[in-house]
Structures are given as C-alpha cells and as structure tokens.
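Engineer: If it helps, the file is called my_file.cif and holds mmCIF, C-alpha atoms:
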data_protein
#
loop_
_atom_site.label_atom_id
_atom_site.label_comp_id
_atom_site.auth_asym_id
_atom_site.auth_seq_id
_atom_site.Cartn_x
_atom_site.Cartn_y
_atom_site.Cartn_z
CA MET A 216 0.00 0.00 0.00
CA VAL A 217 1.24 3.51 -0.76
CA GLU A 218 3.12 5.11 2.12
CA TRP A 219 1.75 8.64 1.74
CA ILE A 220 -1.62 7.49 3.03
CA LYS A 221 -0.10 7.22 6.54
CA GLU A 222 1.50 10.69 6.65
CA ASN A 223 0.17 13.85 8.30
CA PRO A 224 -2.77 14.78 6.01
CA TYR A 225 -1.95 18.48 6.40
CA GLY A 226 1.84 18.31 6.45
CA LEU A 227 2.89 19.19 2.88
CA ASP A 228 3.49 22.78 1.87
CA ALA A 229 2.20 24.16 -1.43
CA ARG A 230 5.28 23.41 -3.52
CA ASN A 231 5.72 19.80 -2.38
CA LYS A 232 2.00 19.08 -2.48
CA SER A 233 1.67 20.46 -6.00
CA SER A 234 4.52 18.25 -7.21
CA PHE A 235 3.05 15.17 -5.50
CA LEU A 236 -0.47 15.73 -6.87
CA LEU A 237 0.71 16.52 -10.39
CA GLN A 238 2.60 13.23 -10.59
CA GLN A 239 -0.21 11.16 -9.07
CA LEU A 240 -3.00 12.77 -11.10
CA THR A 241 -1.05 12.45 -14.34
CA GLU A 242 -0.63 8.73 -13.69
CA LEU A 243 -4.32 8.38 -12.91
CA THR A 244 -5.32 10.26 -16.06
CA ARG A 245 -3.25 7.82 -18.12
CA LEU A 246 -4.61 4.83 -16.20
CA HIS A 247 -8.26 5.75 -16.67
CA TYR A 248 -7.67 6.72 -20.29
CA GLU A 249 -6.34 3.22 -20.93
CA LYS A 250 -8.87 1.31 -18.83
CA CYS A 251 -12.17 3.21 -19.19
CA GLN A 252 -13.67 3.46 -22.67
CA GLY A 253 -16.11 6.22 -21.78
CA TYR A 254 -13.38 8.35 -20.21
CA ARG A 255 -11.12 7.75 -23.21
CA GLN A 256 -13.81 8.99 -25.58
CA ILE A 257 -14.27 12.12 -23.47
CA ILE A 258 -10.53 12.87 -23.43
CA ASN A 259 -10.29 12.24 -27.18
CA ALA A 260 -13.19 14.62 -27.77
CA MET A 261 -11.24 17.27 -25.84
CA GLY A 262 -8.40 16.86 -28.33
CA ILE A 263 -5.90 15.84 -25.66
CA ASP A 264 -3.20 13.52 -26.97
CA ASN A 265 -0.28 14.48 -24.73
CA PHE A 266 -0.34 13.44 -21.08
CA THR A 267 2.42 15.77 -19.96
CA PHE A 268 0.93 18.58 -17.89
CA SER A 269 2.69 21.63 -16.49
CA ASP A 270 0.23 22.14 -13.63
CA MET A 271 -3.08 20.86 -12.28
CA GLU A 272 -5.07 23.69 -13.86
CA SER A 273 -4.17 22.40 -17.33
CA MET A 274 -5.26 18.82 -16.65
CA PRO A 275 -8.58 17.58 -18.07
CA PHE A 276 -11.54 17.47 -15.69
CA ILE A 277 -15.02 16.10 -16.17
CA PRO A 278 -18.32 17.36 -14.72
CA VAL A 279 -19.51 15.36 -11.74
CA ARG A 280 -22.92 15.09 -13.41
CA LEU A 281 -21.46 12.63 -15.95
CA PHE A 282 -21.65 9.87 -13.34
CA LYS A 283 -25.43 10.19 -13.55
CA MET A 284 -25.36 9.63 -17.30
CA LEU A 285 -22.65 7.01 -17.77
CA ASP A 286 -21.29 3.98 -15.95
CA LEU A 287 -17.65 5.02 -15.85
CA VAL A 288 -15.51 2.17 -14.59
CA SER A 289 -11.83 1.30 -15.05
CA VAL A 290 -11.76 -2.29 -13.79
CA ASN A 291 -13.32 -5.57 -14.83
CA SER A 292 -16.78 -6.27 -13.44
CA GLU A 293 -15.55 -9.18 -11.30
CA GLU A 294 -13.23 -6.79 -9.43
CA ILE A 295 -16.09 -4.55 -8.25
CA ILE A 296 -16.82 -5.18 -4.57
CA LYS A 297 -19.08 -2.23 -3.80
CA THR A 298 -21.35 0.23 -5.62
CA LEU A 299 -22.10 3.67 -4.22
CA THR A 300 -24.97 5.86 -5.36
CA SER A 301 -25.37 9.59 -4.91
CA SER A 302 -28.26 11.20 -3.11
CA GLY A 303 -31.18 12.16 -5.31
CA THR A 304 -34.89 12.75 -5.11
CA THR A 305 -37.19 10.03 -6.38
CA SER A 306 -37.44 11.75 -9.78
CA GLN A 307 -33.69 12.03 -10.29
CA VAL A 308 -31.10 9.76 -11.83
CA VAL A 309 -28.33 9.03 -9.33
CA SER A 310 -24.60 8.68 -9.82
CA ARG A 311 -23.15 5.18 -9.66
CA ILE A 312 -19.60 4.76 -8.37
CA PHE A 313 -17.88 1.39 -8.68
CA LEU A 314 -15.20 0.42 -6.18
CA ASN A 315 -12.62 -2.32 -6.32
CA LYS A 316 -10.70 -3.54 -3.27
CA GLU A 317 -7.74 -1.21 -3.81
CA THR A 318 -9.86 1.94 -4.06
CA SER A 319 -12.03 0.94 -1.11
CA ILE A 320 -8.98 0.36 1.10
CA LEU A 321 -7.40 3.67 0.06
CA GLN A 322 -10.62 5.53 0.81
CA THR A 323 -10.93 3.96 4.25
CA LYS A 324 -7.31 4.66 5.20
CA ALA A 325 -7.53 8.24 3.94
CA LEU A 326 -10.72 8.85 5.92
CA VAL A 327 -9.17 7.43 9.09
CA ASN A 328 -6.09 9.60 8.61
CA ILE A 329 -8.14 12.78 8.20
CA VAL A 330 -10.70 12.22 10.96
CA THR A 331 -8.26 11.00 13.62
CA SER A 332 -6.08 14.06 12.98
CA PHE A 333 -9.07 16.11 14.19
CA ILE A 334 -10.61 13.98 16.95
CA GLY A 335 -7.85 11.59 18.01
CA THR A 336 -7.83 7.79 18.08
CA GLN A 337 -9.99 7.16 21.16
CA ARG A 338 -13.25 5.48 20.18
CA LEU A 339 -16.12 7.15 22.01
CA PRO A 340 -19.67 5.82 22.51
CA MET A 341 -21.46 6.86 19.33
CA ILE A 342 -24.90 8.12 18.36
CA LEU A 343 -25.73 7.89 14.65
CA VAL A 344 -28.62 10.18 13.79
CA ASP A 345 -30.16 7.85 11.23
CA ALA A 346 -31.76 4.42 10.92
CA GLN A 347 -29.74 1.21 10.80
CA HIS A 348 -31.52 -0.18 7.75
CA ILE A 349 -29.75 2.48 5.62
CA VAL A 350 -26.58 0.35 5.84
CA SER A 351 -28.17 -3.09 5.60
CA ASP A 352 -26.75 -3.92 2.14
CA ARG A 353 -22.96 -4.04 2.54
CA LYS A 354 -22.34 -4.17 -1.23
CA LYS A 355 -24.50 -1.24 -2.25
CA PHE A 356 -24.70 2.08 -0.44
CA SER A 357 -26.40 5.38 -0.98
CA ALA A 358 -24.39 8.49 -0.16
CA ARG A 359 -26.11 8.50 3.23
CA GLY A 360 -25.15 4.90 3.85
CA ALA A 361 -21.57 5.49 2.70
CA GLY A 362 -21.30 8.40 5.12
CA LEU A 363 -22.60 6.32 7.99
CA MET A 364 -20.32 3.38 7.26
CA GLY A 365 -17.33 5.67 6.89
CA LEU A 366 -17.82 7.38 10.26
CA VAL A 367 -19.04 4.38 12.24
CA ASN A 368 -15.43 3.19 12.57
CA PHE A 369 -14.59 6.07 14.89
CA GLY A 370 -17.01 5.09 17.66
CA ARG A 371 -18.12 2.17 19.81
CA ASP A 372 -21.39 0.93 21.30
CA HIS A 373 -23.15 2.37 18.26
CA PHE A 374 -26.69 3.61 18.77
CA TYR A 375 -28.90 4.40 15.77
CA LEU A 376 -31.25 7.12 16.97
CA LEU A 377 -34.06 6.46 14.48
CA ASP A 378 -36.21 3.44 13.67
CA GLU A 379 -37.27 2.38 10.17
CA ASN A 380 -40.13 4.90 10.24
CA MET A 381 -37.65 7.68 11.01
CA GLU A 382 -38.97 8.09 14.53
CA VAL A 383 -36.70 8.67 17.52
CA ARG A 384 -36.15 5.53 19.63
CA TRP A 385 -36.75 7.23 22.98
CA ALA A 386 -36.57 4.17 25.21
CA GLU A 387 -33.33 2.99 23.66
CA LEU A 388 -31.93 6.53 23.90
CA ASP A 389 -32.66 6.42 27.64
CA GLN A 390 -30.71 3.19 27.93
CA PHE A 391 -27.76 4.51 25.90
CA MET A 392 -27.51 7.72 27.93
CA SER A 393 -27.70 5.73 31.18
CA ARG A 394 -24.83 3.49 30.06
CA HIS A 395 -22.66 6.48 29.20
CA HIS A 396 -23.64 8.97 31.89
CA ASN A 397 -21.00 11.73 32.25
CA GLN A 398 -18.96 10.28 29.36
CA PRO A 399 -18.01 12.13 26.18
CA ILE A 400 -20.00 10.94 23.16
CA LEU A 401 -19.38 11.06 19.42
CA ILE A 402 -22.41 12.06 17.34
CA PHE A 403 -22.65 11.85 13.56
CA GLY A 404 -25.42 12.63 11.12
CA PHE A 405 -26.30 14.66 8.07
CA THR A 406 -26.97 18.30 8.76
CA PHE A 407 -30.73 18.47 8.27
CA MET A 408 -31.26 15.23 10.17
CA ILE A 409 -29.14 16.44 13.09
CA TRP A 410 -31.28 19.57 13.18
CA LYS A 411 -34.66 17.84 12.87
CA TYR A 412 -34.18 14.60 14.80
CA PHE A 413 -31.43 15.38 17.28
CA TYR A 414 -31.89 19.07 18.06
CA GLN A 415 -35.57 19.86 17.41
CA ALA A 416 -37.04 16.52 18.48
CA ILE A 417 -35.11 16.43 21.74
CA LYS A 418 -35.80 20.08 22.50
CA GLU A 419 -39.55 19.73 21.82
CA ARG A 420 -39.74 16.70 24.12
CA ASN A 421 -37.87 18.63 26.80
CA TYR A 422 -35.44 15.71 26.99
CA ARG A 423 -32.30 16.91 28.77
CA ILE A 424 -28.89 15.91 27.41
CA HIS A 425 -25.77 17.57 28.84
CA ILE A 426 -22.62 16.29 27.11
CA PRO A 427 -19.98 19.05 27.25
CA ARG A 428 -16.91 16.96 26.28
CA SER A 429 -18.62 15.40 23.29
CA ILE A 430 -17.97 15.81 19.55
CA LEU A 431 -20.60 16.30 16.84
CA ILE A 432 -19.60 15.70 13.21
CA HIS A 433 -22.06 16.54 10.46
CA SER A 434 -22.18 17.00 6.70
CA GLY A 435 -24.63 17.40 3.86
CA GLY A 436 -26.45 20.01 1.85
CA TRP A 437 -27.45 23.30 3.45
CA LYS A 438 -30.21 24.27 1.01
CA LYS A 439 -33.12 23.15 3.18
CA MET A 440 -31.46 24.57 6.29
CA LEU A 441 -31.05 27.98 4.68
CA ASP A 442 -34.62 27.82 3.36
CA GLU A 443 -35.64 27.54 7.00
CA ALA A 444 -33.36 30.47 7.89
CA VAL A 445 -30.89 28.27 9.76
CA THR A 446 -27.38 29.53 9.06
CA PRO A 447 -24.25 27.57 10.02
CA GLN A 448 -23.71 30.03 12.86
CA HIS A 449 -27.26 29.56 14.17
CA PHE A 450 -26.93 25.78 13.82
CA ASN A 451 -23.71 25.67 15.85
CA GLN A 452 -24.92 28.01 18.56
CA SER A 453 -28.23 26.17 18.97
CA ILE A 454 -26.46 22.82 19.36
CA LYS A 455 -24.02 24.29 21.88
CA ASP A 456 -26.77 25.95 23.90
CA GLU A 457 -28.99 22.85 24.02
CA PHE A 458 -26.39 20.13 24.66
CA SER A 459 -23.28 22.03 25.86
CA ILE A 460 -21.33 20.44 22.98
CA GLU A 461 -18.29 22.58 22.21
CA ARG A 462 -16.75 20.61 19.33
CA ILE A 463 -18.94 20.75 16.23
CA ILE A 464 -17.17 19.78 13.01
CA ASN A 465 -18.70 20.16 9.56
CA PHE A 466 -17.16 18.54 6.50
CA TYR A 467 -17.57 18.77 2.74
CA GLY A 468 -17.45 15.65 0.63
CA MET A 469 -19.18 13.73 -2.15
CA VAL A 470 -19.87 10.14 -3.05
CA GLU A 471 -17.84 10.57 -6.25
CA GLN A 472 -14.69 11.06 -4.15
CA VAL A 473 -15.33 9.12 -0.94
CA GLY A 474 -12.44 9.32 1.52
CA SER A 475 -11.27 12.73 0.34
CA ILE A 476 -13.29 14.79 2.77
CA TYR A 477 -12.64 18.42 3.66
CA MET A 478 -13.08 18.96 7.40
CA GLU A 479 -13.76 22.28 9.08
CA CYS A 480 -11.02 23.63 11.34
CA GLU A 481 -11.26 25.69 14.52
CA ALA A 482 -11.12 28.90 12.47
CA GLY A 483 -14.21 27.91 10.48
CA TYR A 484 -12.51 26.94 7.21
CA LEU A 485 -12.65 23.67 5.27
CA HIS A 486 -9.24 22.12 4.60
CA ALA A 487 -7.86 20.15 1.67
CA PRO A 488 -5.77 17.14 2.78
CA THR A 489 -2.49 16.11 1.17
CA PHE A 490 -4.07 13.59 -1.20
CA ALA A 491 -6.83 15.90 -2.45
CA ASP A 492 -7.20 19.50 -3.46
CA ILE A 493 -9.61 22.05 -4.83
CA MET A 494 -9.55 24.77 -7.47
CA ILE A 495 -12.13 27.43 -8.23
CA ARG A 496 -13.30 28.07 -11.80
CA HIS A 497 -15.45 30.80 -13.29
CA PRO A 498 -19.00 29.42 -13.79
CA LEU A 499 -19.16 30.61 -17.42
CA THR A 500 -15.60 30.57 -18.76
CA TYR A 501 -14.18 27.83 -16.49
CA GLU A 502 -11.04 29.91 -16.12
CA PRO A 503 -9.19 29.41 -12.80
CA GLN A 504 -10.14 32.00 -10.20
CA ALA A 505 -7.78 33.74 -7.81
CA TYR A 506 -7.98 33.27 -4.06
CA GLY A 507 -10.84 35.31 -2.64
CA GLN A 508 -12.98 34.97 -5.78
CA GLN A 509 -16.12 32.85 -5.79
CA GLY A 510 -16.73 30.21 -8.45
CA LEU A 511 -17.36 26.54 -9.17
CA ILE A 512 -15.45 24.08 -7.02
CA GLN A 513 -13.20 21.63 -8.84
CA THR A 514 -11.95 18.75 -6.71
CA VAL A 515 -9.03 16.40 -7.34
CA SER A 516 -8.21 13.22 -5.44
CA VAL A 517 -5.55 10.56 -5.88
CA LEU A 518 -7.77 7.85 -4.33
CA PRO A 519 -10.06 6.75 -7.23
CA ARG A 520 -8.39 3.82 -9.00
CA SER A 521 -11.45 1.88 -10.16
CA TYR A 522 -13.29 4.78 -11.83
CA PRO A 523 -12.19 8.13 -13.35
CA GLY A 524 -13.25 10.31 -10.43
CA HIS A 525 -9.86 11.86 -9.81
CA ASN A 526 -10.56 15.28 -11.35
CA LEU A 527 -14.13 16.59 -11.15
CA LEU A 528 -15.96 19.87 -11.67
CA THR A 529 -18.77 20.09 -9.13
CA GLU A 530 -21.95 22.19 -9.14
CA ASP A 531 -21.03 23.79 -5.81
CA LEU A 532 -19.88 27.36 -5.33
CA GLY A 533 -16.94 28.16 -3.10
CA THR A 534 -14.06 30.49 -2.34
CA ILE A 535 -10.45 29.68 -1.47
CA TYR A 536 -9.09 32.09 1.13
CA GLY A 537 -5.45 31.02 1.24
CA GLU A 538 -2.92 28.21 1.41
CA ASP A 539 -0.50 27.12 4.14
CA ASN A 540 -1.35 30.09 6.35
CA CYS A 541 -4.66 29.24 8.06
CA PRO A 542 -4.81 30.40 11.69
CA CYS A 543 -5.35 26.76 12.72
CA GLY A 544 -1.81 25.87 11.59
CA ARG A 545 -2.73 23.19 9.04
CA LYS A 546 -1.01 23.36 5.68
CA GLY A 547 -2.95 23.23 2.41
CA LYS A 548 -5.73 25.30 0.89
CA TYR A 549 -8.56 26.45 3.11
CA PHE A 550 -11.95 27.47 1.79
CA ARG A 551 -15.69 27.77 2.30
CA VAL A 552 -18.66 26.42 0.35
CA HIS A 553 -21.46 28.89 -0.41
CA GLY A 554 -24.09 26.54 -1.81
CA ARG A 555 -25.22 25.14 -5.12
CA LEU A 556 -24.99 26.79 -8.50
CA PRO A 557 -28.41 28.38 -9.16
CA ALA A 558 -30.71 25.94 -10.99
CA ALA A 559 -28.50 22.97 -10.02
CA GLU A 560 -30.57 20.02 -8.88
CA LEU A 561 -31.24 19.20 -5.25
CA ARG A 562 -28.52 16.74 -4.33
CA GLY A 563 -27.10 16.80 -0.80
CA CYS A 564 -27.90 13.98 1.62
CA SER A 565 -29.68 16.28 4.05
CA ASP A 566 -31.46 18.19 1.29
CA THR A 567 -32.65 14.98 -0.35
CA PHE A 568 -34.18 13.58 2.82
CA ALA A 569 -35.77 16.96 3.55
CA TYR A 570 -37.28 16.98 0.06
CA ARG A 571 -38.73 13.49 0.50
CA LYS A 572 -40.27 14.39 3.84
CA GLU A 573 -41.75 17.54 2.37
CA VAL A 574 -43.33 15.65 -0.55
CA THR A 575 -44.78 12.85 1.59
CA THR A 576 -46.36 15.22 4.12
CA ARG A 577 -48.08 17.54 1.66
#
Do you think you could lay out the structure here as structure tokens?
Structural biologist:
Amino acid sequence: MVEWIKENPYGLDARNKSSFLLQQLTELTRLHYEKCQGYRQIINAMGIDNFTFSDMESMPFIPVRLFKMLDLVSVNSEEIIKTLTSSGTTSQVVSRIFLNKETSILQTKALVNIVTSFIGTQRLPMILVDAQHIVSDRKKFSARGAGLMGLVNFGRDHFYLLDENMEVRWAELDQFMSRHHNQPILIFGFTFMIWKYFYQAIKERNYRIHIPRSILIHSGGWKKMLDEAVTPQHFNQSIKDEFSIERIINFYGMVEQVGSIYMECEAGYLHAPTFADIMIRHPLTYEPQAYGQQGLIQTVSVLPRSYPGHNLLTEDLGTIYGEDNCPCGRKGKYFRVHGRLPAAELRGCSDTFAYRKEVTTR
C-alpha cells in the first residue's frame, strides 16, 4: 500500500503538495484513459493527446454530473466489490460509483487519517442520527449509507437514533444515555437530520442531554437549512446551547470522491488534505479564479483507482481564502462552500431527505 496514506494529512506545503499531486493525477489520467472506454472517448473529444501537464489547472476534468449519465468504470466487473450511489430525489437519476478492493482500502485509510487528525484515536460511545436499515446492504450504499459506514469506525457501542419509520427511539436513547452517563459521546449525522431529529425533536420533548466533552460531526447540503433560515452560525450556537457540545465539526465531501473529505477547522474553514485539493473556476468561462474569488469548485483526489473520479468539476460554489497560512496551523488550501450553483438540482444527503419528507407530508 502507498506510504503517503499514513503521513500527516496536512503536512505538505504548497510546492511539495503540488509536485506530488501533479505526478499522481497524471498517472491516474493515463490509467483511466487506458482502462475506461467512456473516459477515453471524453478525453479524445477534448483533443488531448499528450499526457504531460505543467500544472493541475491544465489537466482535463469532467463534470460530476457525468456519473449520472454514464457507468464510468476502469476495472473488470468481477473486481467490483461495492457500488455507491449519490443522493437524489425520487425523480432524479443518481450517480453510480464502482469500487474495487484497492480503491475501497485507500478511501478507508484516507478517511481514518483525516478524521483522527481532528478527533484523536480514542473510540467514544457513538450516536448515529439515522436508521440502521440504511446500511443493511454491505455491497451497495447510498451516499447516506456510505457516510454512515465511513464514520461508524470512529465510535463504539453504536446507537442508531431512528427506527425504520424515522422516529426517535426514545426508550433505547434512555438506555444509551444511562450506560454512558458523564462520558463524552461522538455524534454523527447529516446536517438536516441532526437539526430535525437530534436538536428539534429532543428540545420539543424537553429531553435533557448535557454532554460538554462530546464531539458532533455533520455534513450534507445546506439548502433546506437555509430555506428555514438556519445559518451555520445559528446551527452551531443552537447545538451548543442545548447540549453544551463545544466541538462541532462540519465537513464537505461527495460520493464521487469518498475518503477525500474536507473537514472544518477551529477557524471555520474547510481544509484540503495532502491527497486531495480544490480549485475554483469561473461558472461561465471555467477559467481558474484567484484566491478570494467565488466560483465553481473543482476537486481532485488521488484515491479513485477503479473509476475516473480523480478530477471533477462540481456544481457547488466556493471560495479559497489562502494556502499554508490558516490560523489553525494546518497546511494546504482552506476554503468555504457557499451553496449550489443556481438551478442545479437538489442533491445533498440532508437536502434529499428533507425533500422526500416535504413531498410525503403535503
């Protein structure tokens, strides 16, 4: 297994990281060109016939939406051990991401490296703000299921807060809290579900939980939250006030690049790890944007070996604020996500579940 996966995920400065990524991404571009017919046709249509690149900005990228339209895979079918699907409403086509053993292992090791650098290696009792049936099929996961299975490794005595009808399991919650009275707890869920089923449900029931040394990790789309006038600042403060939780960590990630997540630091910025990076492009011209300018987020990752997901243009808007000089001390680019490109489809895990609930209760 590659050695860089074990290194400090925020230890390379800009020059060394750029050199590392350029080499790795060039090799992956060649690999997927040779192994994936659909990707090869796309690259040929771009008129690219020379795989020597001077920088990452000049390398070919593909829109993340293509994974909804094509099955892009770079390994034989018998090598596929797991299929991931993106979040989507019932009327949408979802992305399909095919993993072989090598890619799956790399993604897991990368995720462990990133998350433990933030929260340490101690496995805390864990509340998962979701239902267990979401992860019942170990060979096929939705984005929600992939998120749950990725984070479940960082806790112990796992408690799924919701039943199959998406109702809070109050009696079981009583038992869990009794077992871990005065202990720090790790909580994970997608943003809207944390808000609706952990914060609002518990507050409305007047169920008291005081867990000051605990950690809450969340992720997912913010569209529904902002529609309800819940900003990230309001979300964090409400959680802190209700549960006395001081450590609340958001992260940005996507099913098309599982493992390469961008966690939020103490200064409120998302960080690119050593084996992944982001660029910002103008929404109309696709020209690279300078730091401080908003545009479409382009993500690169050296993890995808079984499908050409190493260089993707997303439909998310963001801004890079700097590199190697974040107040938190971590090296690498640091940025914020501002939301979806106007008219882009509803896609985030939290947004998707919110949409389904809204439709079924009308």
Engineer: By how many Å are atom CA of Val308 of chain A and atom CA of Tyr467 of chain A apart?
Structural biologist: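 One can read the atom CA of Val308 of chain A to atom CA of Tyr467 of chain A distance as 21.8 Å.
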Engineer: Could you list the residues chosen by the PyMOL selection byres ((chain A and resi 406-411) around 6) in this structure as a list in words?
Structural biologist: Gly404, Phe405, Tyr412, Phe413, Tyr414, Gln415, His433, Ser434, Gly435 and Ser565 of chain A
Engineer: Go through A:Glu443, A:Glu242, A:Ile295, A:Leu343 one by one, measure the shortest atom-to-atom distance of each to Gly360 of chain A using all atoms listed in the file, and give the residue with the smallest value.
Structural biologist: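 Among the listed residues, A:Leu343 lies closest to Gly360 of chain A.
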Engineer: Might you spell out which residues the PyMOL selection byres ((chain A and resi 259-266) around 8) would select in the displayed file, as number ranges by chain?
Structural biologist: A: 241, 244-245, 255-258, 267-268
Engineer: Report the distance between atom CA of Gly533 of chain A and atom CA of Glu471 of chain A in Å, rounded to one decimal place.
Structural biologist: 17.9 Å
Engineer: With the file shown as input, list the residues that the PyMOL selection byres ((chain A and resi 282) around 8) selects, as a PyMOL selection string.
Structural biologist: chain A and resi 279-281+283-287+309-312
Engineer: With all atoms listed in the file as the atoms that count, which of A:Arg359, A:His449, A:Lys250, A:Lys232 lies nearest to Leu299 of chain A?
Structural biologist: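 Under the stated criterion, the closest residue is A:Arg359.
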Engineer: Atom CA of Asn328 of chain A and atom CA of Glu218 of chain A, how far apart in Å?
Structural biologist: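 Separating atom CA of Glu218 of chain A from atom CA of Asn328 of chain A is a distance of 12.1 Å.
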Engineer: Leaving out segment 551-556 of chain A and any residue of its chain fewer than 4 positions from it, which residues lie within 8 Å of it when counting only C-alpha atoms, given as a list in words?
Structural biologist: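 Listing them by chain and then by number gives Gly436, Trp437, Lys438, Tyr484, Leu485, Leu511, Glu530, Asp531, Leu532, Gly533, Thr534, Ile535 and Tyr536 of chain A.
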Engineer: Counting all atoms listed in the file, which residues in segment 216-288 of chain A sit no more than 9 Å from segment 537-544 of chain A? For each one, give the nearest pair of atoms and the distance in Å, sorted by chain then residue number, as a Markdown table.
Structural biologist:
| residue | atom | partner | partner_atom | distance |
| --- | --- | --- | --- | --- |
| A:Leu227 | CA | A:Asp539 | CA | 8.7 |
| A:Asp228 | CA | A:Asp539 | CA | 6.3 |
| A:Ala229 | CA | A:Asp539 | CA | 6.9 |
Engineer: Quick one: everything within 8 Å of His425 of chain A, counting only C-alpha atoms, minus sequence neighbours fewer than 6 positions away in the same chain. Send it as a PyMOL selection string.
Structural biologist: chain A and resi 457-460
